[in-house]
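Student: Got a structure for you, run_39.cif, holding mmCIF, C-alpha atoms.
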```
data_upload
#
loop_
_atom_site.group_PDB
_atom_site.id
_atom_site.type_symbol
_atom_site.label_atom_id
_atom_site.label_comp_id
_atom_site.auth_asym_id
_atom_site.auth_seq_id
_atom_site.Cartn_x
_atom_site.Cartn_y
_atom_site.Cartn_z
ATOM 1 C CA ARG A 84 -45.486 14.878 24.315
ATOM 2 C CA ILE A 85 -42.211 16.208 22.925
ATOM 3 C CA ALA A 86 -40.455 12.901 23.611
ATOM 4 C CA GLU A 87 -43.201 10.978 21.800
ATOM 5 C CA ALA A 88 -43.027 13.347 18.838
ATOM 6 C CA LEU A 89 -39.245 12.968 18.698
ATOM 7 C CA ASP A 90 -39.512 9.167 18.753
ATOM 8 C CA LEU A 91 -42.122 9.145 15.998
ATOM 9 C CA ALA A 92 -40.218 11.634 13.824
ATOM 10 C CA ASP A 93 -36.891 9.851 14.332
ATOM 11 C CA ALA A 94 -38.426 6.529 13.328
ATOM 12 C CA GLU A 95 -39.903 8.130 10.207
ATOM 13 C CA ARG A 96 -36.595 9.747 9.255
ATOM 14 C CA ARG A 97 -34.771 6.426 9.789
ATOM 15 C CA LYS A 98 -37.248 4.652 7.496
ATOM 16 C CA TRP A 99 -36.706 7.195 4.745
ATOM 17 C CA SER A 100 -32.920 7.232 5.107
ATOM 18 C CA ASP A 101 -32.882 3.417 4.945
ATOM 19 C CA HIS A 102 -35.011 3.604 1.836
ATOM 20 C CA ALA A 103 -32.587 6.113 0.270
ATOM 21 C CA ASP A 104 -29.668 3.813 1.127
ATOM 22 C CA GLN A 105 -31.415 0.851 -0.525
ATOM 23 C CA ARG A 106 -32.099 2.887 -3.654
ATOM 24 C CA ARG A 107 -28.480 3.993 -3.776
ATOM 25 C CA ARG A 108 -27.127 0.455 -3.271
ATOM 26 C CA MET A 109 -29.621 -1.283 -5.545
ATOM 27 C CA PRO A 110 -30.904 1.186 -8.148
ATOM 28 C CA HIS A 111 -31.936 -1.586 -10.531
ATOM 29 C CA LEU A 112 -34.437 -3.071 -7.992
ATOM 30 C CA ASN A 113 -36.180 0.261 -7.330
ATOM 31 C CA PRO A 114 -37.537 -0.611 -3.861
ATOM 32 C CA PRO A 115 -40.987 0.736 -3.011
ATOM 33 C CA PRO A 116 -41.130 3.709 -0.657
ATOM 34 C CA PRO A 117 -41.903 2.917 2.974
ATOM 35 C CA GLU A 118 -45.372 3.345 4.356
ATOM 36 C CA PRO A 119 -45.653 6.758 6.035
ATOM 37 C CA ASN A 120 -46.610 6.906 9.661
ATOM 38 C CA PRO A 121 -50.415 7.214 9.932
ATOM 39 C CA VAL A 122 -50.185 10.249 12.209
ATOM 40 C CA LEU A 123 -47.888 12.089 9.815
ATOM 41 C CA ALA A 124 -49.915 10.989 6.805
ATOM 42 C CA PHE A 125 -53.152 12.186 8.404
ATOM 43 C CA GLU A 126 -51.656 15.546 9.376
ATOM 44 C CA LYS A 127 -49.791 15.811 6.026
ATOM 45 C CA LEU A 128 -46.633 16.898 7.847
ATOM 46 C CA THR A 129 -42.961 16.145 7.527
ATOM 47 C CA PRO A 130 -41.250 14.794 10.658
ATOM 48 C CA GLU A 131 -39.593 18.196 11.223
ATOM 49 C CA ALA A 132 -42.889 20.065 10.931
ATOM 50 C CA TYR A 133 -44.582 17.540 13.227
ATOM 51 C CA VAL A 134 -42.003 18.058 15.991
ATOM 52 C CA LEU A 135 -42.269 21.840 15.568
ATOM 53 C CA ARG A 136 -46.045 21.702 15.781
ATOM 54 C CA THR A 137 -45.804 19.575 18.908
ATOM 55 C CA VAL A 138 -43.402 22.033 20.540
ATOM 56 C CA GLU A 139 -45.656 24.942 19.515
ATOM 57 C CA ARG A 140 -48.620 23.294 21.221
ATOM 58 C CA VAL A 141 -46.825 23.148 24.563
ATOM 59 C CA ARG A 142 -47.821 26.127 26.695
ATOM 60 C CA ALA A 143 -45.076 28.717 27.057
ATOM 61 C CA ALA A 144 -45.059 28.340 30.838
ATOM 62 C CA ASP A 145 -44.597 24.567 30.588
ATOM 63 C CA LEU A 146 -42.032 24.548 27.783
ATOM 64 C CA ASP A 147 -39.004 24.780 30.076
ATOM 65 C CA ASP A 148 -40.235 21.880 32.198
ATOM 66 C CA ALA A 149 -41.029 19.800 29.110
ATOM 67 C CA LEU A 150 -37.526 20.372 27.722
ATOM 68 C CA LEU A 151 -35.881 19.738 31.073
ATOM 69 C CA VAL A 152 -37.204 16.174 31.370
ATOM 70 C CA LEU A 153 -35.752 15.099 27.996
ATOM 71 C CA SER A 154 -32.817 12.721 28.109
ATOM 72 C CA PHE A 155 -29.578 13.842 26.488
ATOM 73 C CA SER A 156 -30.046 11.516 23.497
ATOM 74 C CA ARG A 157 -33.420 13.153 22.853
ATOM 75 C CA VAL A 158 -31.847 16.586 23.316
ATOM 76 C CA LEU A 159 -29.376 15.722 20.547
ATOM 77 C CA SER A 160 -32.269 14.599 18.375
ATOM 78 C CA LEU A 161 -34.172 17.805 19.125
ATOM 79 C CA LEU A 162 -31.096 19.838 18.200
ATOM 80 C CA GLU A 163 -31.155 18.168 14.768
ATOM 81 C CA TYR A 164 -34.711 19.416 14.336
ATOM 82 C CA VAL A 165 -33.768 22.867 15.655
ATOM 83 C CA ASP A 166 -31.090 22.946 12.950
ATOM 84 C CA VAL A 167 -33.702 22.200 10.276
ATOM 85 C CA TRP A 168 -36.083 24.816 11.717
ATOM 86 C CA ALA A 169 -33.304 27.410 11.737
ATOM 87 C CA ARG A 170 -32.282 26.670 8.133
ATOM 88 C CA ARG A 171 -35.893 26.838 6.935
ATOM 89 C CA GLN A 172 -36.598 29.859 9.166
ATOM 90 C CA TRP A 173 -39.633 28.295 10.819
ATOM 91 C CA ASN A 174 -40.899 30.127 13.916
ATOM 92 C CA ALA A 175 -37.631 31.841 14.798
ATOM 93 C CA PRO A 176 -38.680 33.071 18.275
ATOM 94 C CA LEU A 177 -39.641 29.571 19.404
ATOM 95 C CA THR A 178 -36.569 28.067 17.773
ATOM 96 C CA CYS A 179 -34.338 30.525 19.641
ATOM 97 C CA ARG A 180 -36.116 29.904 22.925
ATOM 98 C CA VAL A 181 -35.774 26.124 22.624
ATOM 99 C CA LEU A 182 -32.139 26.368 21.563
ATOM 100 C CA PHE A 183 -31.139 28.765 24.343
ATOM 101 C CA PHE A 184 -32.844 26.677 27.003
ATOM 102 C CA LEU A 185 -31.199 23.479 25.765
ATOM 103 C CA LEU A 186 -27.799 25.154 25.646
ATOM 104 C CA ARG A 187 -28.230 26.556 29.148
ATOM 105 C CA SER A 188 -29.409 23.333 30.718
ATOM 106 C CA HIS A 189 -27.076 20.894 28.883
ATOM 107 C CA GLN A 190 -24.052 23.107 28.279
ATOM 108 C CA ASN A 191 -21.434 20.786 29.776
ATOM 109 C CA GLN A 192 -22.611 17.719 27.863
ATOM 110 C CA ILE A 193 -22.969 19.609 24.571
ATOM 111 C CA VAL A 194 -19.493 21.115 24.872
ATOM 112 C CA ALA A 195 -18.044 17.664 25.582
ATOM 113 C CA THR A 196 -19.650 16.247 22.420
ATOM 114 C CA ARG A 197 -17.334 17.042 19.515
ATOM 115 C CA SER A 198 -19.896 16.239 16.835
ATOM 116 C CA MET A 199 -22.115 19.053 18.085
ATOM 117 C CA ARG A 200 -19.731 21.813 16.978
ATOM 118 C CA SER A 201 -20.668 21.595 13.292
ATOM 119 C CA ARG A 202 -24.352 21.327 14.171
ATOM 120 C CA LEU A 203 -24.191 24.401 16.406
ATOM 121 C CA ASP A 204 -22.380 26.345 13.670
ATOM 122 C CA SER A 205 -25.115 25.394 11.217
ATOM 123 C CA ILE A 206 -27.803 26.451 13.697
ATOM 124 C CA ARG A 207 -25.991 29.746 14.302
ATOM 125 C CA ARG A 208 -25.795 30.535 10.590
ATOM 126 C CA GLY A 209 -29.445 29.663 10.029
ATOM 127 C CA LEU A 210 -30.687 31.648 13.009
ATOM 128 C CA ARG A 211 -28.541 34.643 12.174
ATOM 129 C CA ALA A 212 -29.983 34.770 8.657
ATOM 130 C CA GLY A 213 -33.548 34.296 9.898
ATOM 131 C CA VAL A 214 -33.327 36.820 12.710
ATOM 132 C CA SER A 215 -31.712 39.465 10.490
ATOM 133 C CA ALA A 216 -34.460 38.958 7.886
ATOM 134 C CA GLN A 217 -37.116 39.407 10.567
ATOM 135 C CA ARG A 218 -35.313 42.458 11.955
ATOM 136 C CA ASP A 219 -35.251 44.023 8.479
ATOM 137 C CA GLN A 220 -38.933 43.263 8.002
ATOM 138 C CA ILE A 221 -39.826 44.773 11.378
ATOM 139 C CA GLY A 222 -37.780 47.897 10.587
ATOM 140 C CA TYR A 223 -39.494 48.247 7.229
ATOM 141 C CA ASN A 224 -42.929 47.768 8.813
ATOM 142 C CA LEU A 225 -42.105 50.273 11.560
ATOM 143 C CA ALA A 226 -41.090 52.899 8.999
ATOM 144 C CA ALA A 227 -44.304 52.279 7.061
ATOM 145 C CA LEU A 228 -46.387 52.623 10.231
ATOM 146 C CA THR A 229 -44.630 55.883 11.101
ATOM 147 C CA SER A 230 -45.376 57.360 7.694
ATOM 148 C CA LEU A 231 -48.993 56.158 7.875
ATOM 149 C CA LYS A 232 -49.348 57.785 11.298
ATOM 150 C CA ALA A 233 -47.976 61.092 10.012
ATOM 151 C CA GLU A 234 -50.282 60.955 6.986
ATOM 152 C CA TRP A 235 -53.280 60.153 9.163
ATOM 153 C CA GLU A 236 -52.489 62.977 11.597
ATOM 154 C CA ALA A 237 -52.182 65.410 8.697
ATOM 155 C CA SER A 238 -55.539 64.407 7.225
ATOM 156 C CA ALA A 239 -57.416 63.886 10.504
ATOM 157 C CA THR A 240 -56.413 67.157 12.124
ATOM 158 C CA ALA A 241 -58.943 69.841 11.294
ATOM 159 C CA ASP A 242 -58.182 73.527 11.271
ATOM 160 C CA PHE A 243 -60.588 75.011 13.783
ATOM 161 C CA PHE A 244 -59.587 78.608 13.213
ATOM 162 C CA ASP A 245 -59.281 80.744 10.152
ATOM 163 C CA GLU A 246 -55.715 82.042 9.934
ATOM 164 C CA ASP A 247 -56.704 85.403 8.430
ATOM 165 C CA ALA A 248 -59.358 86.063 11.087
ATOM 166 C CA ILE A 249 -56.883 85.254 13.864
ATOM 167 C CA GLN A 250 -54.332 87.650 12.386
ATOM 168 C CA LYS A 251 -56.910 90.491 12.200
ATOM 169 C CA ILE A 252 -57.904 89.952 15.825
ATOM 170 C CA GLN A 253 -54.282 89.965 16.926
ATOM 171 C CA ASP A 254 -53.617 93.156 14.963
ATOM 172 C CA SER A 255 -56.600 94.888 16.531
ATOM 173 C CA LEU A 256 -55.501 93.949 20.029
ATOM 174 C CA VAL A 257 -52.066 95.402 19.602
ATOM 175 C CA LYS A 258 -52.054 98.914 21.011
ATOM 176 C CA LYS A 259 -50.607 101.409 18.642
ATOM 177 C CA ARG A 260 -48.614 104.334 19.884
ATOM 178 C CA LYS A 261 -50.093 107.728 19.533
ATOM 179 C CA PHE A 262 -47.978 110.761 19.323
ATOM 180 C CA VAL A 263 -49.320 113.455 21.506
ATOM 181 C CA GLY A 264 -48.062 116.940 21.125
ATOM 182 C CA LEU A 265 -47.294 118.704 24.377
ATOM 183 C CA LYS A 266 -48.004 122.337 24.808
ATOM 184 C CA ALA A 267 -45.734 124.111 27.018
#
```
Output the file's structure as structure tokens, nothing else.

Tutor:
Amino acid sequence: RIAEALDLADAERRKWSDHADQRRRMPHLNPPPPEPNPVLAFEKLTPEAYVLRTVERVRAADLDDALLVLSFSRVLSLLEYVDVWARRQWNAPLTCRVLFFLLRSHQNQIVATRSMRSRLDSIRRGLRAGVSAQRDQIGYNLAALTSLKAEWEASATADFFDEDAIQKIQDSLVKKRKFVGLKA
């Protein structure tokens, strides 16, 4: 499924980049935009969102196997989409999981490809910004939950005993010393 989504999205991106090149080369002709892919048009998704949705639909247990069967050219294509997902901060946990698995399984080939260095730097910057924003949001939400818990405990805890009555009982239980005069 992921390979099919990558092929479809790559073809769509190529069509649009060719269209942009034609408009840049021949602005006076104003070529018509290409017909969108029926699947993408029906779903109303961009190619990047379509690949992300396809990866999201793969069960977590099967994701590693699905990524492992991709050829290296498709891995490079998927890394382009991971870069877009990281910059747009779409589903950061899944983006990180996909990226880390791809880096682990194709480390030697990725390191040997010089063009991947700039892409990996871009992914790193995007993920760092996205993960720090999520960390800040989680910290803020955790602090709010802590204060809500304290407020709830203060209002939900009932005083079962009257403080004054308890003090009187304690005072009465305390044995007071009596001075007894001794006759000798």

Student: Just to confirm, what's the straight-line distance from atom CA of A:Val165 to atom CA of A:Leu182 in Å (one decimal)?

Tutor: 7.1 Å

Student: Take atom CA of A:Ala169 and atom CA of A:Pro117 and report the distance between them in Å, one decimal.

Tutor: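 Computed distance, atom CA of A:Ala169 to atom CA of A:Pro117, equals 27.4 Å.
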
Student: Starting from the displayed file, determine the output of the PyMOL selection byres ((chain A and resi 188) around 12) and express the residue list as a list in words.

Tutor: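 This file gives the following for the PyMOL selection byres ((chain A and resi 188) around 12): Asp147, Asp148, Leu150, Leu151, Val152, Leu153, Ser154, Phe155, Val158, Val181, Leu182, Phe183, Phe184, Leu185, Leu186, Arg187, His189, Gln190, Asn191, Gln192, Ile193 and Val194 of chain A.
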
Student: What residues have an atom no more than 12 Å from (-39.8, 33.4, 15.8) in the file's own frame, counting all atoms listed in the file, and can you write them as a list in words?

Tutor: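 Answer for this query, in the requested form: Leu135, Glu139, Trp168, Ala169, Arg171, Gln172, Trp173, Asn174, Ala175, Pro176, Leu177, Thr178, Cys179, Arg180, Val181, Leu182, Leu210, Arg211, Gly213, Val214, Ser215, Ala216, Gln217 and Arg218 of chain A.
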
Student: Evaluate the PyMOL selection byres ((chain A and resi 119) around 12) and record the selected residues as a list in words, following the chain and residue labels used in the document.

Tutor: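 Taken over the shown coordinates, the PyMOL selection byres ((chain A and resi 119) around 12) returns Leu91, Ala92, Ala94, Glu95, Arg96, Arg97, Lys98, Trp99, His102, Pro115, Pro116, Pro117, Glu118, Asn120, Pro121, Val122, Leu123, Ala124, Phe125, Glu126, Lys127, Leu128, Thr129 and Pro130 of chain A.
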
Student: Report, as JSON, the centre and edge lengths in Å (one decimal) of the axis-aligned box enclosing every listed atom of stretch 124-139 of chain A, padded by 6 Å on each side.

Tutor:
```
{"center_x": -46.4, "center_y": 18.0, "center_z": 13.3, "size_x": 25.6, "size_y": 26.0, "size_z": 26.5}
```

Student: Could you check which residues have any atom within 12 Å of (-23.1, 19.9, 13.3), counting all atoms listed in the file with coordinates taken straight from the file, and then list them as an NGL selection string?

Tutor: :A and (159-160 or 162-167 or 193 or 196-208)

Student: Please evaluate the PyMOL selection byres ((chain A and resi 85) around 8) against the displayed coordinates and give the resulting residues as a tab-separated table (two decimals) with C-alpha atoms, in the coordinates of the input.

Tutor:
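Ended up saving to result18.tsv:
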```
chain	number	residue	atom	x	y	z
A	84	ARG	CA	-45.49	14.88	24.32
A	86	ALA	CA	-40.46	12.90	23.61
A	87	GLU	CA	-43.20	10.98	21.80
A	88	ALA	CA	-43.03	13.35	18.84
A	89	LEU	CA	-39.24	12.97	18.70
A	134	VAL	CA	-42.00	18.06	15.99
A	137	THR	CA	-45.80	19.58	18.91
A	138	VAL	CA	-43.40	22.03	20.54
A	149	ALA	CA	-41.03	19.80	29.11
A	150	LEU	CA	-37.53	20.37	27.72
```
